[in-house]
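Accompanying notes for the structure given below.
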Amino acid sequence: MSEFRIHHDVNELLSLLHVGGGDGAEVYIDLLQKNRTPYVTTSVSAHSAKVKIAEYSKTPEDFLKKYEELKSKNARNLDPLVYLLSKLSEDKEMLQCLQQNAKERSEANASSATSTSFAIPPTSSKMSMQEFEELRKKLGNVTASSQVPQSAEVTRKMLRDRHNKKNPTQPNPVFPNWVYDRPALIGDFITGTLPLPAQEQALVDDLLFVLIGVDGRDITAQPVLGRQNRSFIVDPTLDMSVKELVNRILPVASYYSTITRFTEEKWSFEYGQVNHALTAAMRTLMKEYLILVTQLEHLHRQGMLSLQKLWFYIQPTMRTMEILASIASSVDKGDCMGGSTLSLLHDRTFNYTGDSQAQELCLYLTKAASVPYFEILEKWIYRGIIKDPYSEFMVEEHELQKEKIQEDYNDKYWDQRYTIIQHRIPSFLQKMAGKILSTGKYLNVVRECGRDVTCPDAKEVLYTLKERAYVEQIEKSYYYASKVLLDFLMEEKELVARLRSIKHYFLMDKGDFFVHFMDLTEEELKKPVDDIVPPRLEALLELALRMSTANTDPFKDDLKIDLMPYDVITQLLRVLAIDTKQEKAVINANPPLVALSGLEAFSFDYIVKWPLSLIINRKALTIYQMLFRHIFYCKHVERLLCNVWISNKTAKQYALHRAKWFATAFALRQRMLNFVQNIQYYMMFEVMEPTWHIMENNLKSASNIDDVLCHHTTFLDNCLKDCMLTNPELLKIFAKLMSVCVMFTNCMLVSGLGTACADLFEAFSCCQSSYRWHKWLFTVNGQSLFDRGSIGFCLTFIK
């Protein structure tokens with residue numbers, strides 16, 4: 001507060017209190033400035049001050065009423081003033097001073113009033129006519145100002161009595177009461193309120209308009225922002241009893257406004273078919289509501305509708321309108337569409353258990369809203385088709401091409417073509433979501449093969465509180481779809497026969513075929529991979545197939561040649577490094593300086609068409625290729641060692657003492673050959689063959705395509721693990737062993753000298769020793785792989 005404002009307020013206060021003399025205003029101003037504090041009156045201090053003043057007041061009710069009146073008018077500085085008055089009421093000396101001041105002021109006002117009144121001349125002197133007239137005028141003015149105006153009815157009665165006294169034979173005629181009760185009939189402006197009956201009839205007329213969304217004369221709607229509820233303003237001059245009854249009816253108009261705004265908004269295409277169906281059901285109920293208002297208007301025109309009757313007739317509808325408005329507000333706030341809208345309606349239906357009328361209403365809305373959703377569901381589980389223009393259904397289709405299954409190793413067509421969207425699943429279908437997804441996927445696979453499939457048990461799916469009704473329909477369609485697809489793959493597409501054909505070639509089930517093939521292609525595969533002509537290899541492959549028992553295989557034409565850009569160890573290490581810290585290092589590793597030979601790059605490939613590519617996809621074929629390349633390279637090393645054995649037969653022509661020079665080389669060759677042969681035996685007869693029989697038995701008992709996928713994937717994973725192809729360290733050791741064997745055979749076949757074999761013997765022994773330390777890394781059912789069967793023979797040299 002500025003110094004000027006303090007001067008002004010102090011002077012005004014002194015003038016109002018009529019305080020003069022003393023030290024003057026300057027002393028008070030200086031005192032206020034010295035003792036001024038930055039105190040801010042809070043609501044708590046103002047409330048306590050109000051209570052304190054009410055305790056000291058003789059009429060506390062009048063004080064509190066006046067305080068509330070000023071508070072409602074938002075009077076400025078009201079709370080500081082109340083706080084100041086409470087402090088004054090505590091100071092007894094100040095109260096005495098103010099009381100004394102008030103007494104002096106009242107006496108001064110009384111004396112001034114008597115002094116300012118007209119002067120009465122002394123009775124002893126006579127009054128002139130002029131003085132008498134002035135006195136009469138003054139008395140007339142005083143009495144006129146002091147009189148209270150009488151009512152028109154009293155005045156009329158007084159005048160009528162006076163006239164009747166004067167003319168008793170000709171009394172004045174009397175108008176009927178309605179002339180005076182209806183002031184609106186006069187031509188002057190209406191001042192004041194209507195009588196109570198007129199107010200009631202006018203409000204009934206207004207309410208009938210407001211209940212259908214039209215402003216009345218005394219009742220007007222407030223504008224709404226966003227999703228707020230509609231509020232109304234009622235004329236404050238109306239009678240309190242009438243206004244109270246009107247306020248009880250107005251919530252129905254607010255509900256109607258909420259429902260109307262919801263139906264007008266959700267009618268747009270963007271909000272989906274479920275919301276469209278919900279708004280259509282609400283519009284049907286709104287038609288019945290409007291019929292009720294029309295009937296009430298008919299009664300009103302006949303003069304048979306009062307405000308109390310209107311309240312009586314509208315009460316049954318109020319509960320329905322409240323539920324509809326609550327649902328509309330919840331859908332709006334949650335931005336619900338499709339399955340989420342159905343979840344909300346389903347939960348509301350169960351929450352109203354015990355209130356039969358409310359539950360029946362919610363059940364009606366849920367049934368109506370679920371019709372388009374169940375139509376989409378029926379097409380999906382009965383035909384494998386998704387027709388979901390507004391993205392409401394729980395299953396979403398992605399644009400993926402099934403042809404990429406044979407091209408892309410990481411393609412997940414079966415898992416990603418159709419996926420579940422969690423927030424679109426209605427709560428009453430949550431448990432069946434997995435089966436719903438699988439059912440449509442199974443039928444979709446058969447349908448894309450050109451076969452029209454329709455579930456024979458197809459029935460209309462309807463929403464009920466008894467979930468078992470539609471759960472049974474979903475389960476029936478699921479079992480039918482899984483059986484149709486499984487029979488289609490097993491019988492018509494001959495899945496097991498395809499897998500056996502792959503086993504013949506990739507897992508070397510046909511021994512004579514590989515003997516013929518390796519004999520025919522040995523010279524060609526020894527060349528660098530860049531010098532090999534693939535069509536020549538294809539021709540040799542076909543020749544080997546025709547010359548062996550593989551010629552009886554009906555799928556032999558699907559076998560192809562594939563030359564890989566890296567050897568099998570590099571390929572395995574790349575696969576094992578996926579999603580690990582070594583991934584970048586393996587991928588960015590420099591390529592070897594020595595070019596790959598055909599033997600190191602050679603692999604088979606297999607053509608698999610839809611829908612068998614779901615099971616035998618690129619990922620599965622890649623695993624088959626890695627297993628084949630691993631065994632094929634072992635076969636190649638075995639052939640090299642056998643060639644060395646044949647060439648060593650020439651040592652028989654030497655004398656005994658000269659043949660001893662080659663004893664070390666012959667021992668090393670035999671240990672290498674035993675090692676390679678036992679490794680092959682272990683992988684083919686102790687790993688692949690038993691695992692294959694387990695998978696084949698499991699396929700016979702499979703009930704759906706997902707079980708087939710699981711059994712096939714388990715078979716491949718077990719083969720990789722038990723063949724020791726999932727440990728990078730063990731793979732590197734095995735690669736060194738194989739490279740030592742190849743170096744040994746090259747040395748023996750090229751030079752024919754045994755003196756160079758000592759170093760190779762030492763290197764091979766070191767690799768074997770390291771191999772022994774890593775044998776504990778691979779165990780099956782708690783037993784070391786090196787202790788199972790004939791694999792122990794490959795390490796007989798380790799003591």
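Simple scheme: letters A, B, ... for chains in structure tokens order, numbers from 1 for residues in each chain, numbers from 1 for ligands in the order shown.
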Looking only at alpha helix (DSSP H) from DSSP on the backbone, list the matching residues of range 361-437 of chain A as a PyMOL selection string. chain A and resi 361-383+413-416+433-437
Can I get the selection written as a PDB file, in the first residue's frame, with C-alpha atoms?
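Result file follows (result.pdb):
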ATOM      1  CA  LEU A 361     -30.952 -52.457 -20.514  1.00  0.00           C
ATOM      2  CA  CYS A 362     -27.172 -53.040 -20.647  1.00  0.00           C
ATOM      3  CA  LEU A 363     -27.741 -56.535 -22.037  1.00  0.00           C
ATOM      4  CA  TYR A 364     -29.856 -55.067 -24.832  1.00  0.00           C
ATOM      5  CA  LEU A 365     -27.136 -52.543 -25.705  1.00  0.00           C
ATOM      6  CA  THR A 366     -24.368 -55.187 -25.577  1.00  0.00           C
ATOM      7  CA  LYS A 367     -26.278 -57.572 -27.835  1.00  0.00           C
ATOM      8  CA  ALA A 368     -26.930 -54.825 -30.362  1.00  0.00           C
ATOM      9  CA  ALA A 369     -23.337 -53.557 -30.316  1.00  0.00           C
ATOM     10  CA  SER A 370     -21.816 -57.050 -30.607  1.00  0.00           C
ATOM     11  CA  VAL A 371     -23.654 -57.985 -33.822  1.00  0.00           C
ATOM     12  CA  PRO A 372     -21.097 -56.492 -36.295  1.00  0.00           C
ATOM     13  CA  TYR A 373     -18.167 -57.788 -34.211  1.00  0.00           C
ATOM     14  CA  PHE A 374     -19.570 -61.318 -34.205  1.00  0.00           C
ATOM     15  CA  GLU A 375     -20.169 -61.100 -37.955  1.00  0.00           C
ATOM     16  CA  ILE A 376     -16.442 -60.488 -38.441  1.00  0.00           C
ATOM     17  CA  LEU A 377     -15.724 -63.319 -35.979  1.00  0.00           C
ATOM     18  CA  GLU A 378     -17.981 -65.747 -37.871  1.00  0.00           C
ATOM     19  CA  LYS A 379     -16.253 -65.091 -41.201  1.00  0.00           C
ATOM     20  CA  TRP A 380     -12.879 -65.624 -39.545  1.00  0.00           C
ATOM     21  CA  ILE A 381     -13.579 -68.856 -37.648  1.00  0.00           C
ATOM     22  CA  TYR A 382     -15.849 -70.376 -40.318  1.00  0.00           C
ATOM     23  CA  ARG A 383     -14.030 -69.357 -43.521  1.00  0.00           C
ATOM     24  CA  TYR A 413       5.041 -65.646 -41.963  1.00  0.00           C
ATOM     25  CA  TRP A 414       3.164 -68.053 -39.729  1.00  0.00           C
ATOM     26  CA  ASP A 415       3.702 -65.903 -36.618  1.00  0.00           C
ATOM     27  CA  GLN A 416       3.391 -62.433 -38.138  1.00  0.00           C
ATOM     28  CA  ALA A 433      -8.322 -65.490 -28.228  1.00  0.00           C
ATOM     29  CA  GLY A 434      -5.606 -68.065 -28.981  1.00  0.00           C
ATOM     30  CA  LYS A 435      -8.039 -70.562 -30.465  1.00  0.00           C
ATOM     31  CA  ILE A 436      -9.777 -67.857 -32.481  1.00  0.00           C
ATOM     32  CA  LEU A 437      -6.445 -66.828 -34.015  1.00  0.00           C
TER      33      LEU A 437
END
If you count only C-alpha atoms, which residues fall within 10 Å of Val708 in chain A, apart from same-chain ones fewer than 2 positions away, as a compact mmCIF listing (two decimals) with all heavy atoms, in the first residue's frame?
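Output below, filename part_26.txt:
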# COMPACT_ATOMS: atom_id res chain seq x y z
N LEU A 486 -4.59 -80.28 -41.02
CA LEU A 486 -3.68 -81.39 -40.75
C LEU A 486 -3.88 -82.52 -41.77
O LEU A 486 -2.89 -83.07 -42.30
CB LEU A 486 -3.90 -81.91 -39.33
CG LEU A 486 -2.83 -82.85 -38.78
CD1 LEU A 486 -1.49 -82.15 -38.73
CD2 LEU A 486 -3.23 -83.36 -37.41
N LEU A 495 3.15 -84.66 -46.13
CA LEU A 495 4.19 -83.99 -45.35
C LEU A 495 5.25 -84.97 -44.86
O LEU A 495 6.45 -84.71 -44.95
CB LEU A 495 3.54 -83.27 -44.16
CG LEU A 495 4.51 -82.63 -43.15
CD1 LEU A 495 5.35 -81.56 -43.83
CD2 LEU A 495 3.76 -82.06 -41.96
N ILE A 615 5.93 -75.58 -42.68
CA ILE A 615 6.69 -76.50 -41.83
C ILE A 615 8.16 -76.51 -42.26
O ILE A 615 9.06 -76.33 -41.44
CB ILE A 615 6.09 -77.92 -41.90
CG1 ILE A 615 4.58 -77.88 -41.65
CG2 ILE A 615 6.79 -78.83 -40.92
CD1 ILE A 615 4.19 -77.37 -40.30
N MET A 695 10.32 -87.99 -33.51
CA MET A 695 9.52 -86.98 -34.21
C MET A 695 8.42 -87.65 -35.03
O MET A 695 7.27 -87.18 -35.06
CB MET A 695 10.41 -86.13 -35.11
CG MET A 695 9.63 -85.04 -35.86
SD MET A 695 10.56 -84.23 -37.15
CE MET A 695 10.60 -85.53 -38.38
N GLU A 696 8.74 -88.74 -35.72
CA GLU A 696 7.75 -89.39 -36.58
C GLU A 696 6.59 -89.94 -35.75
O GLU A 696 5.42 -89.84 -36.15
CB GLU A 696 8.43 -90.52 -37.36
CG GLU A 696 7.63 -90.98 -38.57
CD GLU A 696 8.47 -91.86 -39.48
OE1 GLU A 696 9.58 -92.24 -39.10
OE2 GLU A 696 7.98 -92.19 -40.57
N ASN A 698 5.61 -88.69 -32.88
CA ASN A 698 4.87 -87.53 -32.39
C ASN A 698 3.96 -86.94 -33.46
O ASN A 698 2.87 -86.44 -33.16
CB ASN A 698 5.83 -86.45 -31.89
CG ASN A 698 6.53 -86.84 -30.60
OD1 ASN A 698 6.00 -87.65 -29.83
ND2 ASN A 698 7.71 -86.30 -30.36
N LEU A 699 4.42 -86.99 -34.72
CA LEU A 699 3.60 -86.46 -35.81
C LEU A 699 2.32 -87.27 -35.98
O LEU A 699 1.28 -86.72 -36.38
CB LEU A 699 4.39 -86.44 -37.12
CG LEU A 699 5.54 -85.44 -37.22
CD1 LEU A 699 6.22 -85.53 -38.57
CD2 LEU A 699 5.04 -84.01 -36.99
N LYS A 700 2.36 -88.53 -35.69
CA LYS A 700 1.16 -89.36 -35.82
C LYS A 700 0.10 -88.97 -34.80
O LYS A 700 -1.11 -89.11 -35.08
CB LYS A 700 1.53 -90.83 -35.64
CG LYS A 700 2.42 -91.38 -36.75
CD LYS A 700 2.78 -92.84 -36.47
CE LYS A 700 3.72 -93.38 -37.56
NZ LYS A 700 4.11 -94.79 -37.28
N SER A 701 0.53 -88.48 -33.66
CA SER A 701 -0.44 -88.11 -32.62
C SER A 701 -0.73 -86.60 -32.59
O SER A 701 -1.46 -86.14 -31.71
CB SER A 701 0.10 -88.53 -31.24
OG SER A 701 1.34 -87.88 -30.97
N ALA A 702 -0.16 -85.84 -33.53
CA ALA A 702 -0.38 -84.39 -33.55
C ALA A 702 -1.84 -84.09 -33.89
O ALA A 702 -2.44 -84.75 -34.74
CB ALA A 702 0.55 -83.72 -34.55
N SER A 703 -2.39 -83.08 -33.24
CA SER A 703 -3.80 -82.72 -33.45
C SER A 703 -3.97 -81.46 -34.28
O SER A 703 -5.07 -81.17 -34.76
CB SER A 703 -4.50 -82.53 -32.11
OG SER A 703 -3.87 -81.51 -31.36
N ASN A 704 -2.91 -80.69 -34.45
CA ASN A 704 -3.00 -79.46 -35.26
C ASN A 704 -1.64 -79.12 -35.81
O ASN A 704 -0.62 -79.74 -35.47
CB ASN A 704 -3.57 -78.30 -34.43
CG ASN A 704 -2.80 -78.07 -33.15
OD1 ASN A 704 -1.61 -77.80 -33.16
ND2 ASN A 704 -3.50 -78.21 -32.01
N ILE A 705 -1.62 -78.11 -36.66
CA ILE A 705 -0.39 -77.73 -37.36
C ILE A 705 0.64 -77.13 -36.40
O ILE A 705 1.85 -77.25 -36.62
CB ILE A 705 -0.72 -76.74 -38.50
CG1 ILE A 705 0.47 -76.55 -39.44
CG2 ILE A 705 -1.17 -75.41 -37.94
CD1 ILE A 705 0.84 -77.79 -40.18
N ASP A 706 0.18 -76.52 -35.32
CA ASP A 706 1.13 -75.96 -34.36
C ASP A 706 1.91 -77.06 -33.66
O ASP A 706 3.11 -76.91 -33.39
CB ASP A 706 0.40 -75.12 -33.32
CG ASP A 706 -0.12 -73.82 -33.91
OD1 ASP A 706 0.69 -73.09 -34.52
OD2 ASP A 706 -1.32 -73.53 -33.79
N CYS A 710 5.96 -77.60 -33.78
CA CYS A 710 6.72 -77.76 -32.54
C CYS A 710 7.57 -79.02 -32.58
O CYS A 710 8.76 -78.99 -32.23
CB CYS A 710 5.75 -77.79 -31.36
SG CYS A 710 6.55 -77.97 -29.76
N HIS A 711 7.01 -80.15 -33.03
CA HIS A 711 7.76 -81.41 -33.08
C HIS A 711 8.93 -81.31 -34.08
O HIS A 711 10.03 -81.80 -33.79
CB HIS A 711 6.84 -82.56 -33.46
CG HIS A 711 5.76 -82.84 -32.46
ND1 HIS A 711 5.98 -82.74 -31.11
CD2 HIS A 711 4.46 -83.22 -32.60
CE1 HIS A 711 4.88 -83.04 -30.45
NE2 HIS A 711 3.93 -83.33 -31.34
N HIS A 712 8.68 -80.69 -35.22
CA HIS A 712 9.73 -80.58 -36.23
C HIS A 712 10.86 -79.67 -35.74
O HIS A 712 12.06 -79.98 -35.91
CB HIS A 712 9.14 -80.05 -37.54
CG HIS A 712 10.11 -80.03 -38.67
ND1 HIS A 712 10.44 -78.89 -39.36
CD2 HIS A 712 10.86 -81.02 -39.23
CE1 HIS A 712 11.32 -79.17 -40.30
NE2 HIS A 712 11.59 -80.45 -40.25
N THR A 713 10.51 -78.57 -35.13
CA THR A 713 11.53 -77.65 -34.60
C THR A 713 12.32 -78.32 -33.47
O THR A 713 13.56 -78.15 -33.39
CB THR A 713 10.85 -76.37 -34.08
OG1 THR A 713 10.08 -75.79 -35.12
CG2 THR A 713 11.88 -75.36 -33.61
N THR A 714 11.64 -79.07 -32.62
CA THR A 714 12.35 -79.77 -31.55
C THR A 714 13.34 -80.79 -32.12
O THR A 714 14.46 -80.94 -31.60
CB THR A 714 11.33 -80.48 -30.64
OG1 THR A 714 10.41 -79.51 -30.13
CG2 THR A 714 12.02 -81.18 -29.49
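Using only C-alpha atoms, the contacts of Val515 in chain A at a cut-off of 10 Å, with sequence neighbours closer than 3 positions omitted, comprise Lys510, Gly511, Asp512, Met518, Asp519, Leu520, Ala544, Ser548 and Lys635 of chain A.
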Could you dump the residues just selected with N, CA and C atoms as a PDB file, in the first residue's frame?
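Okay, this is what ended up in out_38.pdb:
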ATOM      1  N   LYS A 510      20.470 -92.239 -47.757  1.00  0.00           N
ATOM      2  CA  LYS A 510      20.746 -93.094 -48.918  1.00  0.00           C
ATOM      3  C   LYS A 510      22.254 -93.175 -49.141  1.00  0.00           C
ATOM      4  N   GLY A 511      22.889 -94.254 -48.635  1.00  0.00           N
ATOM      5  CA  GLY A 511      24.350 -94.365 -48.723  1.00  0.00           C
ATOM      6  C   GLY A 511      24.848 -94.572 -50.133  1.00  0.00           C
ATOM      7  N   ASP A 512      24.161 -95.416 -50.943  1.00  0.00           N
ATOM      8  CA  ASP A 512      24.637 -95.667 -52.298  1.00  0.00           C
ATOM      9  C   ASP A 512      24.567 -94.418 -53.161  1.00  0.00           C
ATOM     10  N   MET A 518      29.612 -88.748 -54.895  1.00  0.00           N
ATOM     11  CA  MET A 518      30.965 -88.300 -54.583  1.00  0.00           C
ATOM     12  C   MET A 518      31.977 -88.851 -55.574  1.00  0.00           C
ATOM     13  N   ASP A 519      31.711 -90.036 -56.089  1.00  0.00           N
ATOM     14  CA  ASP A 519      32.595 -90.547 -57.132  1.00  0.00           C
ATOM     15  C   ASP A 519      32.505 -89.701 -58.396  1.00  0.00           C
ATOM     16  N   LEU A 520      31.289 -89.261 -58.741  1.00  0.00           N
ATOM     17  CA  LEU A 520      31.102 -88.487 -59.971  1.00  0.00           C
ATOM     18  C   LEU A 520      31.591 -87.053 -59.834  1.00  0.00           C
ATOM     19  N   ALA A 544      23.558 -89.245 -60.616  1.00  0.00           N
ATOM     20  CA  ALA A 544      23.695 -90.032 -59.386  1.00  0.00           C
ATOM     21  C   ALA A 544      22.339 -90.475 -58.858  1.00  0.00           C
ATOM     22  N   SER A 548      21.062 -94.659 -58.417  1.00  0.00           N
ATOM     23  CA  SER A 548      20.979 -95.181 -57.060  1.00  0.00           C
ATOM     24  C   SER A 548      19.533 -95.512 -56.702  1.00  0.00           C
ATOM     25  N   LYS A 635      32.539 -86.979 -44.324  1.00  0.00           N
ATOM     26  CA  LYS A 635      32.626 -88.016 -45.357  1.00  0.00           C
ATOM     27  C   LYS A 635      33.799 -87.757 -46.302  1.00  0.00           C
TER      28      LYS A 635
END
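Taking CA of Lys459 in chain A as the reference point, CA of Glu475 in chain A is found at 12.4 Å.
Residues in contact range of Tyr83 in chain A, defined as at most 9 Å between only C-alpha atoms, with sequence neighbours fewer than 6 positions away removed, read Thr41, Ser45, Ala46, His47, Ser48, Ala49 and Lys50 of chain A.
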With N, CA, C and O atoms retained, could you export that selection as a CSV table (one decimal), in the first residue's frame?
chain,number,residue,atom,x,y,z
A,41,THR,N,-4.2,-12.1,4.9
A,41,THR,CA,-5.3,-12.8,5.5
A,41,THR,C,-5.7,-14.1,4.7
A,41,THR,O,-6.0,-14.0,3.5
A,45,SER,N,-7.7,-17.8,8.8
A,45,SER,CA,-7.8,-16.7,9.7
A,45,SER,C,-9.2,-15.9,9.6
A,45,SER,O,-9.7,-15.5,10.5
A,46,ALA,N,-9.6,-15.8,8.3
A,46,ALA,CA,-10.9,-15.1,8.1
A,46,ALA,C,-12.1,-15.9,8.7
A,46,ALA,O,-13.0,-15.3,9.3
A,47,HIS,N,-12.0,-17.2,8.6
A,47,HIS,CA,-13.1,-18.0,9.2
A,47,HIS,C,-13.1,-17.9,10.7
A,47,HIS,O,-14.1,-17.8,11.4
A,48,SER,N,-11.9,-18.0,11.3
A,48,SER,CA,-11.8,-17.9,12.8
A,48,SER,C,-12.3,-16.5,13.2
A,48,SER,O,-12.9,-16.3,14.3
A,49,ALA,N,-11.9,-15.4,12.5
A,49,ALA,CA,-12.4,-14.1,12.8
A,49,ALA,C,-13.9,-14.0,12.7
A,49,ALA,O,-14.5,-13.3,13.6
A,50,LYS,N,-14.5,-14.6,11.7
A,50,LYS,CA,-15.9,-14.6,11.5
A,50,LYS,C,-16.6,-15.2,12.7
A,50,LYS,O,-17.6,-14.7,13.3
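CA of Glu638 in chain A sits 12.0 Å away from CA of Tyr681 in chain A.
Taking CA of Thr570 in chain A as the reference point, CA of Asp558 in chain A is found at 26.7 Å.
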